[in-house]
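Chemist: Pasting coords.csv below, which is CSV, C-alpha atoms.
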```csv
chain,number,residue,atom,x,y,z
A,1,MET,CA,-32.9,-137.5,-59.5
A,2,THR,CA,-30.0,-139.9,-59.5
A,3,HIS,CA,-26.6,-138.5,-60.2
A,4,PRO,CA,-25.2,-140.0,-63.5
A,5,ASN,CA,-22.0,-141.0,-61.7
A,6,THR,CA,-23.8,-143.5,-59.6
A,7,LEU,CA,-25.2,-145.3,-62.6
A,8,HIS,CA,-22.0,-146.9,-63.7
A,9,LYS,CA,-19.0,-148.3,-61.8
A,10,PRO,CA,-16.0,-146.0,-62.1
A,11,ILE,CA,-13.2,-147.3,-64.3
A,12,ARG,CA,-10.1,-148.4,-62.3
A,13,THR,CA,-6.6,-148.9,-63.7
A,14,LYS,CA,-5.1,-152.3,-63.7
A,15,ALA,CA,-2.8,-151.4,-60.8
A,16,GLN,CA,-5.7,-150.1,-58.7
A,17,GLN,CA,-7.6,-153.2,-59.5
A,18,VAL,CA,-4.7,-155.3,-58.0
A,19,LEU,CA,-5.3,-153.6,-54.7
A,20,LEU,CA,-9.1,-153.8,-54.9
A,21,ASP,CA,-8.9,-157.6,-55.6
A,22,TYR,CA,-6.7,-157.9,-52.5
A,23,ILE,CA,-9.2,-156.0,-50.3
A,24,ALA,CA,-12.3,-157.7,-51.7
A,25,PRO,CA,-12.3,-160.9,-49.5
A,26,ILE,CA,-11.4,-158.8,-46.5
A,27,ALA,CA,-14.1,-156.1,-46.5
A,28,ARG,CA,-17.0,-154.8,-48.5
A,29,LEU,CA,-16.4,-151.2,-49.3
A,30,SER,CA,-18.5,-148.4,-50.8
A,31,ASP,CA,-17.4,-146.6,-53.9
A,32,ALA,CA,-16.7,-143.6,-51.8
A,33,GLU,CA,-14.5,-145.6,-49.4
A,34,ILE,CA,-12.6,-147.0,-52.4
A,35,ASP,CA,-12.1,-143.6,-53.8
A,36,PHE,CA,-10.8,-142.4,-50.5
A,37,ILE,CA,-8.3,-145.3,-50.3
A,38,LEU,CA,-7.1,-144.8,-53.9
A,39,GLN,CA,-6.6,-141.1,-53.1
A,40,GLU,CA,-4.7,-141.7,-49.9
A,41,ILE,CA,-2.2,-144.3,-51.1
A,42,LYS,CA,1.2,-143.3,-52.4
A,43,ILE,CA,2.3,-145.2,-55.5
A,44,ARG,CA,5.9,-145.1,-56.6
A,45,GLU,CA,7.6,-146.6,-59.7
A,46,TYR,CA,11.0,-148.1,-59.6
A,47,ALA,CA,13.4,-149.4,-62.3
A,48,LYS,CA,14.6,-152.9,-62.4
A,49,GLY,CA,17.6,-153.3,-60.1
A,50,LYS,CA,16.5,-150.7,-57.6
A,51,VAL,CA,17.5,-151.7,-54.1
A,52,LEU,CA,14.7,-150.9,-51.7
A,53,LEU,CA,16.5,-152.1,-48.5
A,54,ARG,CA,20.0,-153.3,-47.7
A,55,GLU,CA,21.3,-155.5,-44.9
A,56,GLY,CA,22.1,-153.3,-41.9
A,57,GLN,CA,19.5,-150.6,-42.8
A,58,ILE,CA,16.7,-149.8,-40.5
A,59,GLY,CA,13.6,-150.7,-42.5
A,60,ASN,CA,10.6,-148.4,-42.0
A,61,ILE,CA,8.6,-148.7,-45.1
A,62,CYS,CA,5.9,-151.2,-46.0
A,63,TYR,CA,5.2,-152.0,-49.6
A,64,PHE,CA,2.4,-153.6,-51.6
A,65,VAL,CA,3.2,-154.8,-55.1
A,66,LEU,CA,0.8,-153.4,-57.8
A,67,GLN,CA,3.1,-154.4,-60.6
A,68,GLY,CA,6.4,-156.2,-60.9
A,69,CYS,CA,8.4,-158.4,-58.6
A,70,VAL,CA,10.4,-157.6,-55.5
A,71,ARG,CA,13.0,-160.2,-54.4
A,72,GLN,CA,14.2,-160.7,-50.9
A,73,TYR,CA,17.7,-162.2,-50.4
A,74,TYR,CA,20.3,-162.8,-47.7
A,75,LEU,CA,24.0,-162.5,-48.4
A,76,VAL,CA,25.6,-165.6,-46.9
A,77,ASP,CA,29.4,-165.8,-47.3
A,78,GLY,CA,29.1,-163.5,-50.3
A,79,VAL,CA,26.4,-165.6,-52.0
A,80,GLU,CA,22.9,-164.3,-52.5
A,81,LYS,CA,20.3,-166.7,-51.0
A,82,THR,CA,16.9,-165.8,-52.3
A,83,THR,CA,14.1,-166.3,-49.7
A,84,ALA,CA,11.1,-164.6,-51.2
A,85,PHE,CA,9.5,-163.2,-54.4
A,86,PHE,CA,6.8,-160.7,-53.9
A,87,THR,CA,4.6,-160.2,-57.0
A,88,GLU,CA,1.3,-158.5,-57.8
A,89,GLY,CA,-1.1,-158.4,-54.9
A,90,MET,CA,1.5,-159.2,-52.2
A,91,PRO,CA,2.5,-157.0,-49.2
A,92,VAL,CA,6.2,-156.7,-48.4
A,93,ASN,CA,7.0,-156.4,-44.8
A,94,SER,CA,10.2,-154.5,-44.1
A,95,THR,CA,9.4,-152.6,-40.9
A,96,PHE,CA,11.0,-154.0,-37.8
A,97,VAL,CA,8.9,-152.2,-35.3
A,98,PHE,CA,9.3,-154.6,-32.5
A,99,ASP,CA,13.0,-155.3,-32.2
A,100,ASP,CA,14.2,-152.1,-33.8
A,101,ASN,CA,16.9,-154.1,-35.5
A,102,ALA,CA,18.7,-153.5,-38.7
A,103,SER,CA,17.5,-155.6,-41.6
A,104,LYS,CA,19.2,-158.9,-42.1
A,105,PHE,CA,18.2,-159.0,-45.8
A,106,TYR,CA,18.1,-157.1,-49.1
A,107,LEU,CA,15.0,-156.1,-51.1
A,108,VAL,CA,15.5,-155.5,-54.8
A,109,CYS,CA,13.2,-154.8,-57.7
A,110,ASN,CA,13.6,-157.8,-60.0
A,111,GLU,CA,11.5,-156.1,-62.6
A,112,PRO,CA,10.3,-152.5,-63.1
A,113,CYS,CA,7.9,-152.1,-60.2
A,114,ALA,CA,4.8,-150.1,-59.2
A,115,LEU,CA,4.6,-150.2,-55.4
A,116,ILE,CA,2.3,-148.7,-52.7
A,117,GLU,CA,4.6,-147.3,-50.0
A,118,GLY,CA,3.7,-146.6,-46.5
A,119,SER,CA,5.6,-145.6,-43.3
A,120,PRO,CA,4.3,-146.4,-39.8
A,121,GLU,CA,3.3,-142.7,-39.7
A,122,ASP,CA,1.3,-143.0,-42.9
A,123,GLU,CA,-0.4,-146.0,-41.5
A,124,LYS,CA,-1.3,-144.3,-38.3
A,125,SER,CA,-2.8,-141.2,-40.1
A,126,PHE,CA,-4.7,-143.5,-42.5
A,127,PHE,CA,-6.2,-145.4,-39.6
A,128,GLU,CA,-7.3,-142.1,-37.9
A,129,LYS,CA,-9.0,-140.9,-41.1
A,130,MET,CA,-10.6,-144.3,-41.7
A,131,PRO,CA,-10.9,-146.4,-38.6
A,132,LYS,CA,-12.3,-149.3,-40.6
A,133,MET,CA,-8.9,-149.6,-42.2
A,134,GLU,CA,-7.3,-150.8,-39.0
A,135,SER,CA,-9.7,-153.7,-38.8
A,136,MET,CA,-9.1,-154.5,-42.5
A,137,ASN,CA,-5.4,-154.3,-42.0
A,138,ARG,CA,-5.7,-156.8,-39.1
A,139,VAL,CA,-7.5,-159.3,-41.2
A,140,GLY,CA,-5.0,-158.8,-44.1
A,141,VAL,CA,-2.1,-159.5,-41.8
A,142,GLU,CA,-3.8,-162.6,-40.4
A,143,MET,CA,-4.2,-163.8,-43.9
A,144,GLU,CA,-0.5,-163.2,-44.6
A,145,LEU,CA,0.5,-165.0,-41.4
A,146,GLN,CA,-1.5,-168.0,-42.4
A,147,LYS,CA,0.1,-168.1,-45.8
A,148,SER,CA,3.6,-167.6,-44.3
A,149,GLN,CA,3.1,-170.4,-41.8
A,150,ASP,CA,1.7,-172.7,-44.5
A,151,ALA,CA,4.6,-171.9,-46.9
A,152,PHE,CA,7.1,-172.6,-44.1
A,153,ALA,CA,5.5,-176.0,-43.2
A,154,GLU,CA,5.3,-177.0,-46.9
A,155,PHE,CA,8.9,-176.1,-47.4
A,156,VAL,CA,10.0,-178.2,-44.4
A,157,ILE,CA,8.0,-181.3,-45.3
A,158,ALA,CA,8.7,-181.3,-49.1
A,159,ASN,CA,11.7,-182.5,-51.0
A,160,PRO,CA,13.0,-180.2,-53.7
A,161,GLU,CA,11.0,-181.9,-56.5
A,162,THR,CA,7.8,-181.6,-54.5
A,163,ARG,CA,8.7,-177.9,-53.8
A,164,TYR,CA,9.0,-177.3,-57.5
A,165,LEU,CA,5.7,-179.0,-58.2
A,166,ASN,CA,4.0,-176.9,-55.5
A,167,LEU,CA,5.4,-173.8,-57.1
A,168,MET,CA,4.1,-174.9,-60.5
A,169,LYS,CA,0.6,-175.2,-58.9
A,170,THR,CA,0.6,-172.1,-56.7
A,171,ARG,CA,2.8,-169.6,-58.5
A,172,PRO,CA,3.2,-170.7,-62.1
A,173,ASP,CA,4.2,-167.2,-63.2
A,174,LEU,CA,7.4,-167.3,-61.2
A,175,LEU,CA,8.8,-170.1,-63.3
A,176,ASP,CA,8.9,-167.8,-66.3
A,177,ARG,CA,9.6,-164.4,-64.8
A,178,VAL,CA,12.5,-165.3,-62.5
A,179,PRO,CA,16.1,-166.3,-63.5
A,180,GLN,CA,16.7,-170.0,-62.9
A,181,TYR,CA,19.6,-169.5,-60.5
A,182,GLN,CA,17.3,-167.4,-58.3
A,183,LEU,CA,14.6,-169.9,-58.5
A,184,ALA,CA,17.0,-172.7,-57.5
A,185,SER,CA,18.3,-170.7,-54.5
A,186,TYR,CA,14.6,-170.1,-53.5
A,187,LEU,CA,14.0,-173.9,-53.6
A,188,GLY,CA,17.1,-174.5,-51.6
A,189,ILE,CA,18.9,-176.4,-54.4
A,190,THR,CA,21.7,-175.8,-57.0
A,191,PRO,CA,20.8,-174.7,-60.5
A,192,GLU,CA,22.0,-178.1,-61.8
A,193,SER,CA,19.5,-179.9,-59.5
A,194,LEU,CA,16.8,-177.6,-60.7
A,195,SER,CA,17.6,-178.5,-64.3
A,196,ARG,CA,17.5,-182.2,-63.5
A,197,ILE,CA,14.1,-181.8,-61.7
A,198,ARG,CA,12.6,-179.9,-64.7
A,199,LYS,CA,13.8,-182.5,-67.1
A,200,ARG,CA,12.4,-185.3,-65.0
A,201,ILE,CA,9.0,-183.6,-64.8
A,202,MET,CA,8.9,-182.9,-68.5
A,203,GLU,CA,9.6,-186.6,-69.3
A,204,LYS,CA,6.7,-187.7,-67.1
B,1,MET,CA,-8.3,-141.2,0.3
B,2,THR,CA,-6.6,-143.8,-1.8
B,3,HIS,CA,-8.1,-147.2,-1.9
B,4,PRO,CA,-5.6,-149.7,-0.5
B,5,ASN,CA,-5.9,-151.8,-3.6
B,6,THR,CA,-4.3,-149.1,-5.7
B,7,LEU,CA,-1.2,-149.1,-3.5
B,8,HIS,CA,0.2,-152.5,-4.5
B,9,LYS,CA,0.1,-154.4,-7.8
B,10,PRO,CA,-2.3,-157.3,-7.7
B,11,ILE,CA,-0.6,-160.8,-7.7
B,12,ARG,CA,-0.9,-162.7,-10.9
B,13,THR,CA,-0.4,-166.4,-11.4
B,14,LYS,CA,2.5,-167.6,-13.5
B,15,ALA,CA,0.2,-168.5,-16.3
B,16,GLN,CA,-1.5,-165.1,-16.3
B,17,GLN,CA,2.0,-163.5,-16.3
B,18,VAL,CA,2.8,-165.3,-19.5
B,19,LEU,CA,0.0,-163.5,-21.3
B,20,LEU,CA,0.8,-160.1,-19.7
B,21,ASP,CA,4.5,-160.5,-20.8
B,22,TYR,CA,3.3,-161.1,-24.3
B,23,ILE,CA,1.0,-158.0,-24.2
B,24,ALA,CA,3.5,-155.7,-22.5
B,25,PRO,CA,5.5,-154.6,-25.7
B,26,ILE,CA,2.3,-154.2,-27.6
B,27,ALA,CA,0.2,-151.9,-25.4
B,28,ARG,CA,0.2,-150.2,-22.0
B,29,LEU,CA,-2.8,-151.3,-20.1
B,30,SER,CA,-4.4,-150.1,-16.8
B,31,ASP,CA,-4.9,-152.6,-14.0
B,32,ALA,CA,-8.6,-152.4,-14.7
B,33,GLU,CA,-8.0,-153.4,-18.4
B,34,ILE,CA,-5.8,-156.2,-17.4
B,35,ASP,CA,-8.4,-157.5,-14.9
B,36,PHE,CA,-11.0,-157.3,-17.6
B,37,ILE,CA,-8.8,-159.3,-20.0
B,38,LEU,CA,-8.0,-162.0,-17.4
B,39,GLN,CA,-11.7,-162.3,-16.6
B,40,GLU,CA,-12.7,-162.6,-20.3
B,41,ILE,CA,-10.2,-165.3,-21.5
B,42,LYS,CA,-11.1,-168.9,-21.3
B,43,ILE,CA,-8.3,-171.2,-20.1
B,44,ARG,CA,-8.5,-174.9,-20.7
B,45,GLU,CA,-6.1,-177.6,-19.5
B,46,TYR,CA,-5.2,-180.6,-21.6
B,47,ALA,CA,-3.4,-183.8,-20.9
B,48,LYS,CA,-0.2,-184.8,-22.8
B,49,GLY,CA,-1.2,-186.5,-26.1
B,50,LYS,CA,-4.5,-184.6,-26.5
B,51,VAL,CA,-5.1,-184.0,-30.2
B,52,LEU,CA,-6.4,-180.4,-30.7
B,53,LEU,CA,-6.9,-180.6,-34.5
B,54,ARG,CA,-6.7,-183.4,-37.1
B,55,GLU,CA,-5.9,-183.3,-40.8
B,56,GLY,CA,-9.2,-182.8,-42.6
B,57,GLN,CA,-11.0,-181.0,-39.7
B,58,ILE,CA,-12.2,-177.5,-40.1
B,59,GLY,CA,-10.2,-175.5,-37.5
B,60,ASN,CA,-12.1,-172.7,-35.8
B,61,ILE,CA,-10.2,-172.2,-32.5
B,62,CYS,CA,-7.2,-170.1,-31.8
B,63,TYR,CA,-4.9,-170.9,-28.9
B,64,PHE,CA,-2.3,-169.1,-26.9
B,65,VAL,CA,0.1,-171.3,-24.9
B,66,LEU,CA,0.2,-170.4,-21.2
B,67,GLN,CA,2.0,-173.6,-20.2
B,68,GLY,CA,3.2,-176.6,-22.1
B,69,CYS,CA,4.1,-177.4,-25.7
B,70,VAL,CA,1.8,-177.9,-28.7
B,71,ARG,CA,3.3,-179.6,-31.7
B,72,GLN,CA,2.2,-179.1,-35.3
B,73,TYR,CA,2.9,-182.0,-37.7
B,74,TYR,CA,1.9,-183.2,-41.2
B,75,LEU,CA,1.4,-186.8,-42.0
B,76,VAL,CA,3.4,-187.5,-45.2
B,77,ASP,CA,3.1,-191.1,-46.5
B,78,GLY,CA,2.3,-192.2,-42.9
B,79,VAL,CA,5.3,-190.4,-41.4
B,80,GLU,CA,4.9,-187.5,-39.0
B,81,LYS,CA,6.8,-184.4,-40.2
B,82,THR,CA,7.0,-181.9,-37.4
B,83,THR,CA,6.7,-178.3,-38.5
B,84,ALA,CA,6.3,-176.3,-35.4
B,85,PHE,CA,6.5,-176.3,-31.6
B,86,PHE,CA,4.4,-173.7,-29.8
B,87,THR,CA,5.5,-173.1,-26.2
B,88,GLU,CA,4.8,-170.6,-23.4
B,89,GLY,CA,3.8,-167.2,-24.8
B,90,MET,CA,3.1,-168.3,-28.4
B,91,PRO,CA,-0.2,-168.0,-30.2
B,92,VAL,CA,-1.3,-171.0,-32.3
B,93,ASN,CA,-3.2,-170.2,-35.4
B,94,SER,CA,-5.6,-172.9,-36.5
B,95,THR,CA,-8.5,-171.0,-38.0
B,96,PHE,CA,-8.7,-171.0,-41.7
B,97,VAL,CA,-11.0,-168.1,-42.1
B,98,PHE,CA,-10.1,-167.2,-45.6
B,99,ASP,CA,-10.2,-170.3,-47.6
B,100,ASP,CA,-12.5,-172.3,-45.4
B,101,ASN,CA,-10.3,-175.3,-46.1
B,102,ALA,CA,-9.9,-178.3,-43.9
B,103,SER,CA,-6.7,-178.4,-41.9
B,104,LYS,CA,-3.7,-180.0,-43.6
B,105,PHE,CA,-1.9,-180.6,-40.3
B,106,TYR,CA,-2.3,-182.0,-36.8
B,107,LEU,CA,-2.0,-180.1,-33.5
B,108,VAL,CA,-1.2,-182.2,-30.4
B,109,CYS,CA,-0.3,-181.4,-26.8
B,110,ASN,CA,3.3,-182.6,-26.5
B,111,GLU,CA,3.1,-182.0,-22.7
B,112,PRO,CA,0.3,-181.2,-20.3
B,113,CYS,CA,-0.9,-177.8,-21.5
B,114,ALA,CA,-2.8,-174.8,-20.2
B,115,LEU,CA,-4.1,-172.9,-23.2
B,116,ILE,CA,-6.3,-169.8,-23.8
B,117,GLU,CA,-8.9,-170.8,-26.3
B,118,GLY,CA,-10.9,-168.5,-28.6
B,119,SER,CA,-13.3,-168.9,-31.5
B,120,PRO,CA,-13.8,-166.1,-34.1
B,121,GLU,CA,-17.1,-165.3,-32.2
B,122,ASP,CA,-15.3,-165.0,-28.9
B,123,GLU,CA,-12.8,-162.6,-30.6
B,124,LYS,CA,-15.6,-160.5,-32.2
B,125,SER,CA,-17.4,-160.1,-28.8
B,126,PHE,CA,-14.1,-159.3,-27.1
B,127,PHE,CA,-13.3,-156.6,-29.6
B,128,GLU,CA,-16.8,-155.1,-29.2
B,129,LYS,CA,-16.4,-155.0,-25.4
B,130,MET,CA,-12.8,-153.6,-25.6
B,131,PRO,CA,-12.1,-152.0,-29.0
B,132,LYS,CA,-8.5,-151.3,-28.0
B,133,MET,CA,-8.1,-155.1,-28.2
B,134,GLU,CA,-8.5,-155.2,-31.9
B,135,SER,CA,-5.6,-152.8,-32.4
B,136,MET,CA,-3.5,-154.8,-29.9
B,137,ASN,CA,-4.4,-157.9,-31.8
B,138,ARG,CA,-3.3,-156.4,-35.1
B,139,VAL,CA,0.1,-155.5,-33.7
B,140,GLY,CA,0.4,-159.0,-32.2
B,141,VAL,CA,-0.4,-160.6,-35.5
B,142,GLU,CA,2.1,-158.3,-37.3
B,143,MET,CA,4.7,-159.4,-34.8
B,144,GLU,CA,3.9,-163.1,-35.5
B,145,LEU,CA,4.1,-162.5,-39.2
B,146,GLN,CA,7.5,-160.9,-38.9
B,147,LYS,CA,8.8,-163.9,-36.8
B,148,SER,CA,7.3,-166.4,-39.2
B,149,GLN,CA,8.9,-164.8,-42.2
B,150,ASP,CA,12.2,-164.5,-40.5
B,151,ALA,CA,12.1,-168.2,-39.4
B,152,PHE,CA,11.2,-169.3,-42.9
B,153,ALA,CA,14.1,-167.3,-44.4
B,154,GLU,CA,16.5,-168.6,-41.8
B,155,PHE,CA,15.5,-172.1,-42.5
B,156,VAL,CA,16.0,-171.7,-46.2
B,157,ILE,CA,19.4,-170.2,-46.0
B,158,ALA,CA,20.8,-172.3,-43.2
B,159,ASN,CA,22.3,-175.8,-43.4
B,160,PRO,CA,21.2,-178.3,-40.8
B,161,GLU,CA,24.1,-177.5,-38.4
B,162,THR,CA,23.4,-173.8,-38.6
B,163,ARG,CA,19.7,-174.5,-38.0
B,164,TYR,CA,20.6,-176.4,-34.9
B,165,LEU,CA,22.9,-173.6,-33.7
B,166,ASN,CA,20.1,-171.1,-34.3
B,167,LEU,CA,17.8,-173.1,-32.2
B,168,MET,CA,20.3,-173.4,-29.4
B,169,LYS,CA,20.4,-169.6,-29.4
B,170,THR,CA,16.7,-168.7,-29.9
B,171,ARG,CA,14.9,-171.6,-28.2
B,172,PRO,CA,17.3,-173.5,-26.0
B,173,ASP,CA,14.4,-175.0,-24.0
B,174,LEU,CA,13.2,-177.0,-27.0
B,175,LEU,CA,16.5,-179.0,-27.0
B,176,ASP,CA,15.6,-180.5,-23.7
B,177,ARG,CA,11.8,-180.8,-23.7
B,178,VAL,CA,11.3,-182.3,-27.1
B,179,PRO,CA,12.1,-185.9,-28.2
B,180,GLN,CA,15.1,-186.1,-30.5
B,181,TYR,CA,13.2,-187.7,-33.4
B,182,GLN,CA,10.7,-184.8,-33.4
B,183,LEU,CA,13.5,-182.2,-33.2
B,184,ALA,CA,15.3,-183.9,-36.1
B,185,SER,CA,12.1,-183.9,-38.2
B,186,TYR,CA,11.6,-180.2,-37.4
B,187,LEU,CA,15.2,-179.5,-38.6
B,188,GLY,CA,14.5,-181.4,-41.8
B,189,ILE,CA,17.1,-184.1,-41.0
B,190,THR,CA,17.3,-187.7,-39.8
B,191,PRO,CA,17.8,-188.5,-36.1
B,192,GLU,CA,21.2,-189.9,-37.0
B,193,SER,CA,22.3,-186.7,-38.6
B,194,LEU,CA,21.1,-184.8,-35.5
B,195,SER,CA,23.3,-187.0,-33.3
B,196,ARG,CA,26.3,-186.4,-35.5
B,197,ILE,CA,25.6,-182.6,-35.4
B,198,ARG,CA,25.3,-182.6,-31.6
B,199,LYS,CA,28.5,-184.6,-31.3
B,200,ARG,CA,30.4,-182.2,-33.6
B,201,ILE,CA,29.2,-179.2,-31.6
B,202,MET,CA,30.1,-180.8,-28.3
B,203,GLU,CA,33.6,-181.5,-29.5
B,204,LYS,CA,34.2,-177.9,-30.6
```
Turn the structure described in the file into structure tokens.
Modeler:
Amino acid sequence: MTHPNTLHKPIRTKAQQVLLDYIAPIARLSDAEIDFILQEIKIREYAKGKVLLREGQIGNICYFVLQGCVRQYYLVDGVEKTTAFFTEGMPVNSTFVFDDNASKFYLVCNEPCALIEGSPEDEKSFFEKMPKMESMNRVGVEMELQKSQDAFAEFVIANPETRYLNLMKTRPDLLDRVPQYQLASYLGITPESLSRIRKRIMEK
Amino acid sequence: MTHPNTLHKPIRTKAQQVLLDYIAPIARLSDAEIDFILQEIKIREYAKGKVLLREGQIGNICYFVLQGCVRQYYLVDGVEKTTAFFTEGMPVNSTFVFDDNASKFYLVCNEPCALIEGSPEDEKSFFEKMPKMESMNRVGVEMELQKSQDAFAEFVIANPETRYLNLMKTRPDLLDRVPQYQLASYLGITPESLSRIRKRIMEK
């Protein structure tokens, strides 16, 4: 006799689904493995404005965004220079395992956030309980490395207008959810230049 | 009785030492494990000018530079835009496992090169023979991700002069071994601007 639970897929929350969508191209998991992962992870909620990491702090937590937007910025001569927006389905690396240096940047919740949190110790214990996880993690990090290298190259070769057009294509949600001055900083231009670019594109 | 071989460290070539120096902070290996790795890897030598990957090709080889310099560039309206220089001790990612897309960039040997080459199949078989290798690989890729994200952020927040000063600090060898027009392109400026920056710094 089949147990009734095996007849239909369990219902996942929207936040859980964000994680499962991230894992799907990396590994095929059984329902039992998925349940195990969802039990193991620690989810924390933070209010908008919460600073997760400051310049000078030793970072030792990794995050994965289930909901919201985490912004990375550097303080250069007292001015915030935004260098990354991490939104749903993106890991946030803030552990500096290899050089043991203090963080050079800030991480702040740009919106109310639901984040998976993990320390290196959490990760180690997770891998011990589910060795497959280490292999999945490796593939995930390779995926992030590829994205990061592509994004770097595209930033170097593009002029600001092309950078904005790329963003419209690859991350259209950012254009609405992020203040214009942060977006301009992220594109390496002034808010005035961003206005001109938007106007030019609208007129086309 | 101790076997005489255990009394002194085996002699490694300069190229082998580059790989061992890369692995050292990642994992502690026995001499037997090191011998196994050095036996397993495939080293190929290429002449200056050899194109390893072209735009439009499906990349399926990973490299690790033992000697020489591999340059990554994009062709934008017929102009080469240099986006990376991979030198001794740097892995070169050119497999696009996840999107199965054709390469958007070129990889060319800027100097005579000695490279470790590996396909995804080589990697898989390596991991099967030495499972510890997968864990080492994961840590290595995490290290590369951190470097890539740092480099991106530093590029975004810095002006061209600061980018040049950063390069003087972090990769001084590049300033001598790379043609000025490629270096200028990599810094996102014209060769004339690069000359002016160099002059300004010399005068300080």
Chemist: Hey, list the chain A side of the contact with chain B: 8 Å cut-off, all atoms listed in the file, answer as a list in words.
Modeler: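 So the residues of chain A near chain B are Pro25, Tyr74, Val76, Lys81, Thr83, Ala84, Asn93, Phe96, Phe98, Glu134, Ser135, Asn137, Arg138, Val139, Val141, Glu142, Met143, Glu144, Leu145, Gln146, Ser148, Gln149, Phe152, Ala153, Val156, Ile157, Tyr186, Leu187 and Gly188 of chain A.
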Chemist: Excluding Thr13 of chain B and its own-chain neighbours fewer than 6 positions away, which residues fall within 12 Å of it when counting all atoms listed in the file? Please give them as number ranges by chain.
Modeler: B: 19-20, 38, 66-67
Chemist: Please indicate the distance in Å from atom CA of Leu53 of chain B to atom CA of Asp176 of chain B, rounded to one decimal place.
Modeler: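 Atom CA of Asp176 of chain B lies 25.0 Å from atom CA of Leu53 of chain B.
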Chemist: Show me, as a list in words, the residues that have an atom within 7 Å of segment 109-112 of chain B when counting only C-alpha atoms, minus same-chain residues fewer than 3 positions from it.
Modeler: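 That gives Tyr46, Ala47, Lys48, Gly49, Lys50, Val51, Gly68, Cys69, Val70 and Arg71 of chain B.
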Chemist: Please indicate the distance in Å from atom CA of Ile116 of chain B to atom CA of Ile43 of chain B, rounded to one decimal place.
Modeler: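 It comes out at 4.4 Å.
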Chemist: Pro120 of chain A: which residues within 7 Å, counting all atoms listed in the file, same-chain residues fewer than 3 positions away excluded, as a PyMOL selection string?
Modeler: chain A and resi 60+123-124
Chemist: Quick one, how far is atom CA of Pro131 of chain B from atom CA of Ser125 of chain A?
Modeler: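 It comes out at 18.1 Å.
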Chemist: My list of candidates is A:Arg28, A:Arg163, A:Arg171, A:Lys204. Which is closest to Ala184 of chain A when distances are computed with only C-alpha atoms?
Modeler: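 Checking each candidate against Ala184 of chain A, we get A:Arg163 as the closest.
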Chemist: Could you give me, as a ChimeraX atom specification, the residues within 12 Å of Asp122 of chain A, counting all atoms listed in the file and dropping anything in the same chain fewer than 4 positions from it?
Modeler: /A:40-42,60-63,116-118,126-129
Chemist: From the set A:Gly56, A:Pro10, A:Pro179, A:Gly89, which residue has the shortest atom-to-atom contact distance to Pro191 of chain A, counting all atoms listed in the file?
Modeler: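 For Pro191 of chain A, the nearest of the given residues is A:Pro179.
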